[in-house]
file input36.txt (compact mmCIF, C-alpha atoms)
# COMPACT_ATOMS: atom_id res chain seq x y z
CA MET A 1 -105.65 114.72 20.47
CA ARG A 2 -102.57 116.51 19.19
CA GLY A 3 -100.41 117.55 22.13
CA VAL A 4 -102.26 115.38 24.68
CA ASN A 5 -100.04 113.22 26.90
CA ILE A 6 -101.62 109.83 26.17
CA GLU A 7 -99.56 108.11 28.86
CA LYS A 8 -101.38 110.21 31.43
CA TYR A 9 -104.72 110.63 29.66
CA ARG A 10 -105.21 107.03 28.64
CA PHE A 11 -108.71 105.81 27.84
CA ASP A 12 -110.57 103.76 25.24
CA PHE A 13 -109.42 105.72 22.20
CA ASP A 14 -112.02 104.09 19.95
CA LEU A 15 -114.78 105.94 21.71
CA THR A 16 -117.00 108.86 20.87
CA PHE A 17 -117.08 110.44 24.33
CA GLY A 18 -114.79 109.87 27.29
CA VAL A 19 -114.09 111.63 30.55
CA LEU A 20 -111.33 111.31 33.12
CA ALA A 21 -111.69 112.88 36.56
CA LEU A 22 -108.18 113.07 37.92
CA ASN A 23 -105.66 114.74 40.14
CA PRO A 24 -103.04 116.68 38.17
CA ASP A 25 -100.44 114.29 39.61
CA GLY A 26 -101.94 111.60 37.34
CA THR A 27 -104.12 109.80 39.87
CA VAL A 28 -107.36 108.98 38.07
CA TYR A 29 -110.35 109.08 40.40
CA HIS A 30 -112.93 107.85 37.92
CA ARG A 31 -113.63 107.41 34.25
CA TYR A 32 -116.79 108.03 32.37
CA GLY A 33 -118.27 107.54 28.92
CA GLY A 34 -117.02 104.88 26.58
CA ARG A 35 -119.30 103.26 24.12
CA ASP A 36 -121.48 100.21 23.77
CA SER A 37 -122.65 98.19 20.79
CA ARG A 38 -126.25 99.05 21.71
CA SER A 39 -125.79 102.76 21.03
CA PRO A 40 -122.98 105.34 21.05
CA GLY A 41 -124.54 107.08 24.04
CA HIS A 42 -125.57 104.02 26.02
CA TRP A 43 -123.32 104.85 28.97
CA THR A 44 -123.87 108.59 28.98
CA THR A 45 -126.81 109.90 31.00
CA PRO A 46 -127.04 113.02 33.19
CA ALA A 47 -127.74 110.99 36.34
CA SER A 48 -124.75 108.69 35.88
CA PHE A 49 -122.48 111.62 35.03
CA GLU A 50 -123.52 113.42 38.18
CA GLN A 51 -122.90 110.25 40.18
CA MET A 52 -119.39 109.98 38.76
CA LEU A 53 -118.68 113.66 39.51
CA SER A 54 -119.81 113.31 43.12
CA ALA A 55 -117.77 110.15 43.58
CA SER A 56 -114.71 111.88 42.12
CA LEU A 57 -115.00 114.83 44.49
CA GLU A 58 -115.32 112.48 47.45
CA ARG A 59 -112.22 110.61 46.37
CA HIS A 60 -110.37 113.89 45.81
CA GLN A 61 -111.05 114.90 49.40
CA GLU A 62 -109.79 111.58 50.69
CA TYR A 63 -106.81 111.61 48.37
CA THR A 64 -105.58 115.09 49.21
CA ALA A 65 -105.35 114.01 52.86
CA ALA A 66 -102.88 111.25 51.90
CA PRO A 67 -101.66 111.62 48.31
CA SER A 68 -99.73 108.81 46.65
CA PRO A 69 -98.78 109.96 43.15
CA PRO A 70 -98.45 107.18 40.59
CA GLU A 71 -95.26 106.54 38.68
CA LEU A 72 -95.93 107.99 35.27
CA GLN A 73 -94.36 106.92 32.01
CA PRO A 74 -92.51 109.64 30.08
CA ARG A 75 -94.79 112.03 28.24
CA LEU A 76 -95.99 110.68 24.90
CA GLN A 77 -98.10 112.64 22.44
CA PRO A 78 -99.92 110.89 19.57
CA GLU A 79 -97.91 112.72 16.92
CA GLN A 80 -94.73 111.29 18.50
CA ILE A 81 -95.73 107.66 17.86
CA PRO A 82 -93.35 106.74 15.01
CA ALA A 83 -95.99 104.86 13.00
CA PHE A 84 -98.29 107.85 13.29
CA ALA A 85 -95.60 110.45 12.67
CA LYS A 86 -94.84 108.84 9.30
CA ARG A 87 -98.39 109.54 8.15
CA ASP A 88 -98.95 112.79 10.02
CA LYS A 89 -100.09 115.57 7.72
CA GLY A 90 -100.73 118.03 10.51
CA GLU A 91 -104.47 117.41 10.48
CA CYS A 92 -106.75 117.02 13.47
CA ILE A 93 -105.96 113.82 15.41
CA HIS A 94 -109.11 112.03 16.47
CA CYS A 95 -109.26 109.72 19.46
CA HIS A 96 -109.58 106.65 17.24
CA ASN A 97 -106.50 107.77 15.27
CA VAL A 98 -104.50 107.32 18.49
CA HIS A 99 -105.62 103.72 18.82
CA GLU A 100 -104.82 103.06 15.18
CA GLY A 101 -101.37 104.65 15.62
CA LEU A 102 -100.58 102.55 18.68
CA GLN A 103 -101.68 99.36 16.93
CA GLN A 104 -99.69 100.19 13.80
CA GLU A 105 -96.61 100.96 15.90
CA ALA A 106 -96.94 97.54 17.58
CA LYS A 107 -97.23 95.93 14.13
CA ASP A 108 -94.15 97.79 12.91
CA GLN A 109 -92.26 96.69 16.02
CA LYS A 110 -93.46 93.09 15.51
CA THR A 111 -94.95 93.10 18.99
CA TRP A 112 -98.58 93.17 17.84
CA SER A 113 -100.88 90.23 18.40
CA PHE A 114 -104.50 89.85 17.36
CA ALA A 115 -105.50 89.85 21.03
CA ASP A 116 -104.40 93.51 21.21
CA ILE A 117 -107.66 94.60 19.58
CA TRP A 118 -109.79 93.47 22.53
CA VAL A 119 -109.38 96.67 24.53
CA HIS A 120 -111.66 97.98 27.28
CA PRO A 121 -113.95 94.96 27.34
CA ALA A 122 -117.61 95.76 27.96
CA PRO A 123 -119.20 94.58 31.24
CA GLU A 124 -120.84 91.79 29.23
CA ARG A 125 -117.43 90.11 28.97
CA LEU A 126 -117.65 89.55 32.72
CA GLY A 127 -121.24 88.42 32.34
CA LEU A 128 -122.78 91.61 33.68
CA ASP A 129 -125.06 94.36 32.57
CA LEU A 130 -125.28 97.58 34.56
CA ASP A 131 -127.93 100.22 35.01
CA ARG A 132 -127.44 103.22 32.72
CA ASP A 133 -128.21 105.81 35.41
CA ASP A 134 -126.70 104.00 38.37
CA GLN A 135 -123.74 102.28 36.80
CA ARG A 136 -122.65 100.47 39.94
CA LEU A 137 -125.92 98.56 39.97
CA VAL A 138 -126.03 95.09 38.42
CA ILE A 139 -129.25 94.68 36.44
CA GLN A 140 -128.43 91.44 34.64
CA VAL A 141 -126.16 88.45 35.15
CA GLN A 142 -125.70 86.18 32.15
CA PRO A 143 -126.32 82.54 33.06
CA GLU A 144 -123.14 80.43 33.20
CA SER A 145 -120.96 83.54 32.88
CA ALA A 146 -117.96 84.23 35.12
CA ALA A 147 -120.11 86.65 37.15
CA ASP A 148 -122.87 84.06 37.52
CA LYS A 149 -120.49 81.29 38.57
CA ALA A 150 -118.89 83.61 41.13
CA GLY A 151 -122.29 84.32 42.64
CA LEU A 152 -123.00 87.90 41.59
CA LYS A 153 -126.69 88.69 41.47
CA VAL A 154 -129.06 91.31 40.13
CA GLY A 155 -129.27 94.14 42.66
CA ASP A 156 -125.63 93.90 43.75
CA ARG A 157 -123.76 97.22 43.70
CA LEU A 158 -120.16 97.15 42.54
CA ILE A 159 -117.54 98.72 44.80
CA ARG A 160 -114.30 97.57 43.18
CA VAL A 161 -113.27 95.48 40.20
CA GLY A 162 -109.66 94.39 40.57
CA THR A 163 -108.09 97.41 42.23
CA THR A 164 -110.33 99.96 40.49
CA THR A 165 -112.97 101.73 42.54
CA ILE A 166 -116.19 101.81 40.54
CA ALA A 167 -118.42 104.79 39.84
CA SER A 168 -119.24 104.07 36.21
CA ALA A 169 -119.32 101.41 33.51
CA SER A 170 -116.20 103.06 32.13
CA ASP A 171 -114.41 102.25 35.41
CA VAL A 172 -115.46 98.61 34.98
CA MET A 173 -114.16 98.62 31.41
CA HIS A 174 -110.87 100.14 32.55
CA ALA A 175 -110.51 97.48 35.26
CA SER A 176 -111.20 94.78 32.68
CA ASP A 177 -108.72 96.33 30.27
CA SER A 178 -106.04 96.21 32.96
CA PHE A 179 -106.62 92.51 33.66
CA PRO A 180 -104.66 89.95 31.59
CA ALA A 181 -106.29 88.63 28.41
CA ALA A 182 -104.95 85.20 29.39
CA GLY A 183 -107.54 85.10 32.17
CA GLY A 184 -107.27 84.42 35.88
CA LYS A 185 -109.09 85.32 39.07
CA LEU A 186 -110.50 88.84 39.04
CA PRO A 187 -111.63 90.05 42.48
CA VAL A 188 -114.92 91.95 42.59
CA ALA A 189 -116.09 93.75 45.72
CA PHE A 190 -119.77 94.63 45.96
CA LEU A 191 -122.59 95.59 48.29
CA ARG A 192 -125.50 93.22 48.85
CA ASN A 193 -128.21 94.25 51.29
CA GLY A 194 -125.83 96.86 52.70
CA GLU A 195 -123.10 94.32 53.37
CA ALA A 196 -119.76 94.44 51.56
CA GLN A 197 -118.69 91.14 50.00
CA THR A 198 -115.95 89.97 47.66
CA VAL A 199 -115.93 87.23 45.06
CA LYS A 200 -113.39 86.17 42.46
CA LEU A 201 -114.44 85.84 38.85
CA SER A 202 -112.69 83.00 37.03
CA LEU A 203 -111.95 84.42 33.60
CA PRO A 204 -110.93 81.90 30.93
CA PRO A 205 -108.16 82.43 28.37
CA ASP A 206 -109.17 84.89 25.63
CA TRP A 207 -112.06 86.15 27.76
CA LYS A 208 -111.78 89.64 26.25
CA ARG A 209 -112.69 88.43 22.76
CA SER A 210 -116.08 89.83 21.84
CA ALA A 211 -118.58 88.80 19.18
CA PRO A 212 -118.40 90.69 15.86
CA ALA A 213 -121.70 92.47 16.60
CA SER A 214 -120.29 93.86 19.86
CA PHE A 215 -117.04 94.87 18.14
CA ALA A 216 -118.67 96.43 15.07
CA TRP A 217 -118.74 100.03 16.38
CA ARG A 218 -114.97 100.17 16.84
CA ALA A 219 -113.09 102.22 14.26
CA ILE A 220 -110.09 99.92 14.73
CA LYS A 221 -111.93 97.21 12.77
CA TRP A 222 -111.07 99.03 9.53
CA THR A 223 -107.37 98.28 10.09
CA LEU A 224 -107.81 94.48 10.29
CA ASP A 225 -107.30 91.95 7.52
CA PRO A 226 -108.74 90.19 5.63
CA VAL A 227 -111.25 92.65 4.19
CA PRO A 228 -114.13 91.84 1.83
CA GLY A 229 -112.79 94.30 -0.74
CA PHE A 230 -116.21 95.79 -1.35
CA GLY A 231 -118.82 97.71 0.56
CA GLY A 232 -121.59 100.23 0.45
CA PRO A 233 -124.59 101.59 2.35
CA ALA A 234 -127.57 99.71 3.70
CA ILE A 235 -130.53 100.06 1.37
CA ASP A 236 -133.17 102.57 2.36
CA ALA A 237 -136.90 102.00 2.81
CA THR A 238 -137.75 102.97 -0.78
CA GLN A 239 -135.23 100.53 -2.24
CA ARG A 240 -136.38 97.88 0.18
CA ALA A 241 -139.99 98.24 -0.93
CA ALA A 242 -139.04 98.26 -4.61
CA LEU A 243 -136.99 95.08 -4.21
CA LYS A 244 -139.61 93.44 -1.95
CA ILE A 245 -137.04 92.89 0.80
CA PRO A 246 -138.89 92.65 4.12
CA GLU A 247 -138.15 95.18 6.85
CA GLY A 248 -135.48 93.89 9.22
CA GLU A 249 -133.70 91.68 6.66
CA PHE A 250 -130.09 92.60 6.03
CA ALA A 251 -129.28 94.15 2.65
CA PHE A 252 -126.74 96.61 1.35
CA ARG A 253 -125.86 97.96 -2.06
CA ILE A 254 -122.31 97.51 -3.35
CA GLN A 255 -121.07 101.00 -3.96
CA TYR A 256 -117.31 100.55 -4.09
CA PHE A 257 -114.53 98.06 -4.57
CA VAL A 258 -111.21 98.59 -2.83
CA THR A 259 -109.01 99.24 -5.84
CA TRP A 260 -106.42 101.41 -4.13
CA GLY A 261 -103.53 101.02 -1.71
CA PRO A 262 -102.15 97.86 -0.17
CA ARG A 263 -105.56 96.18 -0.14
CA ALA A 264 -106.28 96.55 -3.87
CA ALA A 265 -105.96 92.78 -4.28
CA TYR A 266 -109.09 92.29 -2.18
CA GLY A 267 -111.20 94.56 -4.38
CA LYS A 268 -109.78 93.04 -7.53
CA ARG A 269 -110.61 89.54 -6.31
CA ALA A 270 -114.20 90.58 -5.49
CA GLY A 271 -114.59 91.90 -9.03
CA GLU A 272 -113.06 88.74 -10.50
CA ALA A 273 -115.54 86.67 -8.48
CA GLY A 274 -118.32 88.39 -10.42
CA LEU A 275 -119.61 90.99 -7.99
CA ARG A 276 -120.63 94.30 -9.54
CA ALA A 277 -121.46 97.78 -8.31
CA ASP A 278 -125.18 98.12 -7.47
CA ASP A 279 -125.53 94.43 -6.59
CA ILE A 280 -127.66 94.11 -3.44
CA VAL A 281 -125.91 91.84 -0.93
CA LEU A 282 -128.41 89.71 0.99
CA ALA A 283 -126.30 86.99 2.60
CA VAL A 284 -122.65 86.13 3.11
CA ALA A 285 -121.60 82.54 3.76
CA GLY A 286 -125.28 81.85 4.42
CA LYS A 287 -125.41 84.48 7.14
CA ARG A 288 -128.30 86.93 6.85
CA ASP A 289 -128.62 88.26 10.39
CA PHE A 290 -126.16 91.15 10.18
CA GLU A 291 -127.38 94.03 12.29
CA SER A 292 -125.65 96.65 10.16
CA VAL A 293 -123.06 97.15 7.45
CA ASP A 294 -120.53 97.76 10.24
CA HIS A 295 -121.44 94.36 11.67
CA PHE A 296 -120.81 92.76 8.25
CA HIS A 297 -117.37 94.39 8.03
CA ALA A 298 -116.45 93.42 11.61
CA TRP A 299 -117.69 89.85 11.09
CA TRP A 300 -115.69 89.44 7.89
CA ARG A 301 -112.47 90.70 9.47
CA LEU A 302 -112.87 88.63 12.65
CA THR A 303 -114.05 85.36 11.14
CA ARG A 304 -112.88 84.94 7.52
CA GLN A 305 -109.59 83.28 6.66
CA ALA A 306 -107.24 83.69 3.70
CA GLY A 307 -107.91 81.04 1.07
CA GLU A 308 -111.47 80.43 2.23
CA VAL A 309 -114.23 80.51 -0.42
CA VAL A 310 -117.17 82.68 0.69
CA PRO A 311 -120.52 82.46 -1.11
CA ILE A 312 -122.12 85.88 -1.59
CA HIS A 313 -125.87 85.98 -2.29
CA VAL A 314 -126.97 89.08 -4.16
CA LEU A 315 -129.83 90.54 -6.14
CA ARG A 316 -128.87 91.92 -9.54
CA ASN A 317 -131.64 93.71 -11.40
CA GLY A 318 -134.04 91.88 -9.11
CA GLU A 319 -132.61 88.43 -9.91
CA PRO A 320 -131.01 86.31 -7.16
CA MET A 321 -127.43 85.27 -7.91
CA VAL A 322 -124.59 83.64 -5.98
CA PHE A 323 -120.89 84.36 -6.39
CA GLN A 324 -117.99 82.49 -4.84
CA LEU A 325 -115.32 84.81 -3.47
CA GLU A 326 -111.99 83.30 -2.47
CA VAL A 327 -110.35 85.42 0.22
CA PRO A 328 -106.91 86.49 -1.08
CA ARG A 329 -103.76 85.65 0.81
CA SER A 330 -102.27 88.96 1.87
CA MET B 1 -127.68 119.11 36.37
CA LYS B 2 -125.34 121.46 38.25
CA PHE B 3 -121.65 121.02 37.60
CA PRO B 4 -119.58 121.18 40.78
CA PRO B 5 -117.36 124.27 40.76
CA ALA B 6 -114.86 122.24 42.77
CA LEU B 7 -113.71 120.67 39.50
CA LEU B 8 -111.59 122.19 36.76
CA GLY B 9 -112.82 121.36 33.30
CA PHE B 10 -110.60 120.53 30.38
CA SER B 11 -112.12 119.76 27.04
CA LEU B 12 -111.05 119.55 23.45
CA ILE B 13 -114.51 120.89 22.75
CA ALA B 14 -114.26 123.53 25.46
CA PRO B 15 -116.29 126.28 23.77
CA LEU B 16 -119.21 123.93 23.22
CA LEU B 17 -119.20 122.56 26.76
CA CYS B 18 -118.48 125.96 28.23
CA SER B 19 -121.67 127.41 26.82
CA ALA B 20 -123.73 124.30 27.50
CA ALA B 21 -122.56 123.46 30.98
CA SER B 22 -121.58 126.75 32.49
CA PRO B 23 -123.86 129.54 31.34
CA GLN B 24 -122.91 131.72 34.28
CA GLY B 25 -119.22 131.08 33.77
CA GLU B 26 -118.84 129.62 37.24
CA TYR B 27 -117.22 126.51 35.85
CA PRO B 28 -113.87 127.17 34.17
CA TRP B 29 -113.41 125.15 31.00
CA LEU B 30 -109.98 125.25 29.45
CA GLY B 31 -108.92 124.12 26.01
CA ASP B 32 -105.28 123.68 26.99
CA LEU B 33 -104.56 120.59 29.03
CA ASP B 34 -101.18 121.78 30.30
CA ALA B 35 -102.79 125.02 31.48
CA ALA B 36 -105.53 123.01 33.18
CA GLU B 37 -102.92 120.92 35.00
CA ALA B 38 -101.05 124.02 36.16
CA LEU B 39 -104.24 125.64 37.39
CA ALA B 40 -105.34 122.42 39.08
CA LYS B 41 -102.03 122.18 40.94
CA SER B 42 -102.23 125.76 42.19
CA SER B 43 -105.92 125.61 43.09
CA GLY B 44 -106.00 122.12 44.60
CA LYS B 45 -108.89 121.15 42.35
CA PRO B 46 -109.11 117.96 40.33
CA ILE B 47 -109.40 118.02 36.56
CA LEU B 48 -112.35 116.84 34.55
CA ALA B 49 -110.90 115.99 31.15
CA VAL B 50 -113.45 115.45 28.39
CA PHE B 51 -112.54 113.83 25.09
CA ARG B 52 -114.67 113.11 22.08
call {"tool": "encode", "arguments": {"input": "input36.txt", "output": "structure tokens"}}
result
Amino acid sequence: MRGVNIEKYRFDFDLTFGVLALNPDGTVYHRYGGRDSRSPGHWTTPASFEQMLSASLERHQEYTAAPSPPELQPRLQPEQIPAFAKRDKGECIHCHNVHEGLQQEAKDQKTWSFADIWVHPAPERLGLDLDRDDQRLVIQVQPESAADKAGLKVGDRLIRVGTTTIASASDVMHASDSFPAAGGKLPVAFLRNGEAQTVKLSLPPDWKRSAPASFAWRAIKWTLDPVPGFGGPAIDATQRAALKIPEGEFAFRIQYFVTWGPRAAYGKRAGEAGLRADDIVLAVAGKRDFESVDHFHAWWRLTRQAGEVVPIHVLRNGEPMVFQLEVPRS
Amino acid sequence: MKFPPALLGFSLIAPLLCSAASPQGEYPWLGDLDAAEALAKSSGKPILAVFR
């Protein structure tokens, strides 16, 4: 991302694959890609990409007949973000590094709030799921969600969310990102039986906040406190069989303690609590339904509080043990 | 899938996409975003910017 004007080419920097179709004057026709907790490539399919390309070319034709260039912010490159520049060693700048740099800059400027991490909310935050190949098409409406209460139904085809014209799930996520986290009435235009309709979704305060499992894929989670102070890989099938841990049950092997940098106190506290390398973690605060090690790390950072005592259930040499870990105050 | 030649491609992974998406070279992928913008302005084509 070095050298890229991130004021103009702004997208969900946590992602693995993102596309902007735009006029060189900065008008974005459509977005594509993004990521989903279900899989890194959930929103990337050839059919949906082709649909986005076609929609972009149609919009380009319309736009060139009556252009209205947006007011752009001054050029900003990732390496110019002061918080990033301080750590810049001239290495490759990944997309997620940009997000981390922006968040760190906000922290340094004392303008950061925890709500800043809820960027580019997935369609599920509106109560919707969309078809992977035809990403305007609603294939699920969560009962009692904002979408449900507004009257959206399976089979509806999105036209606009807020002021964003939709050709992809990424467009929906951009529209959601642009809408205030404090909530409000979000207009959604859609086609039903060939007829265009509009409803307003009533979004409650903090509506962008997602569950730890949905947040777990984001690289930005690693920057949040508190941290467990230990971690390691999920156990493999051989280890699982040897330890008689049924398939599907969460388990990971402690491979490291954070003994370096500003978070060393967390690792030290985990060691003092009695945890050891090679312990197999089975449950944390009674919770055993982690979907992955990433989910465990996201859950800890989003739900644990300083001063709280967290019971950790482990296997050590095949014997079940429990340790009480008090989360340090940073 | 055929990529529309009416678009200009920019990608940080341009060589990879260039070979995968445009075997005949009919779809110009550029690795320099400023160059892509300049070419887009002169050609009247929109940009397809790919990041990963």
call {"tool": "interface_residues", "arguments": {"input": "input36.txt", "of": "chain A", "to": "chain B", "cutoff": "6 Å", "atoms": "all atoms listed in the file", "output": "PDB file with C-alpha atoms, keeping the file's coordinate frame"}}
result
ATOM      1  CA  THR A  16    -117.000 108.860  20.870  1.00  0.00           C
ATOM      2  CA  PHE A  17    -117.080 110.440  24.330  1.00  0.00           C
ATOM      3  CA  GLY A  18    -114.790 109.870  27.290  1.00  0.00           C
ATOM      4  CA  VAL A  19    -114.090 111.630  30.550  1.00  0.00           C
ATOM      5  CA  LEU A  20    -111.330 111.310  33.120  1.00  0.00           C
ATOM      6  CA  ALA A  21    -111.690 112.880  36.560  1.00  0.00           C
ATOM      7  CA  LEU A  22    -108.180 113.070  37.920  1.00  0.00           C
ATOM      8  CA  ASN A  23    -105.660 114.740  40.140  1.00  0.00           C
ATOM      9  CA  PRO A  24    -103.040 116.680  38.170  1.00  0.00           C
TER      10      PRO A  24
END
call {"tool": "atom_distance", "arguments": {"input": "input36.txt", "atom1": "atom CA of A:Phe11", "atom2": "atom CA of A:Asp156"}}
result
26.1 Å
call {"tool": "atom_distance", "arguments": {"input": "input36.txt", "atom1": "atom CA of A:Ile117", "atom2": "atom CA of A:Phe215"}}
result
9.5 Å
call {"tool": "atom_distance", "arguments": {"input": "input36.txt", "atom1": "atom CA of A:Thr45", "atom2": "atom CA of A:Phe190"}}
result
22.5 Å
call {"tool": "closest_residue", "arguments": {"input": "input36.txt", "among": "A:Gln135, A:Thr238, A:Gln255, A:Thr44", "to": "A:Val172", "atoms": "only C-alpha atoms"}}
result
A:Gln135
call {"tool": "residues_around", "arguments": {"input": "input36.txt", "residues": "stretch 99-102 of chain A", "least_positions_apart": "5", "cutoff": "8 Å", "atoms": "all atoms listed in the file", "output": "number ranges by chain"}}
result
A: 13-14, 78, 81, 83-84, 220, 223
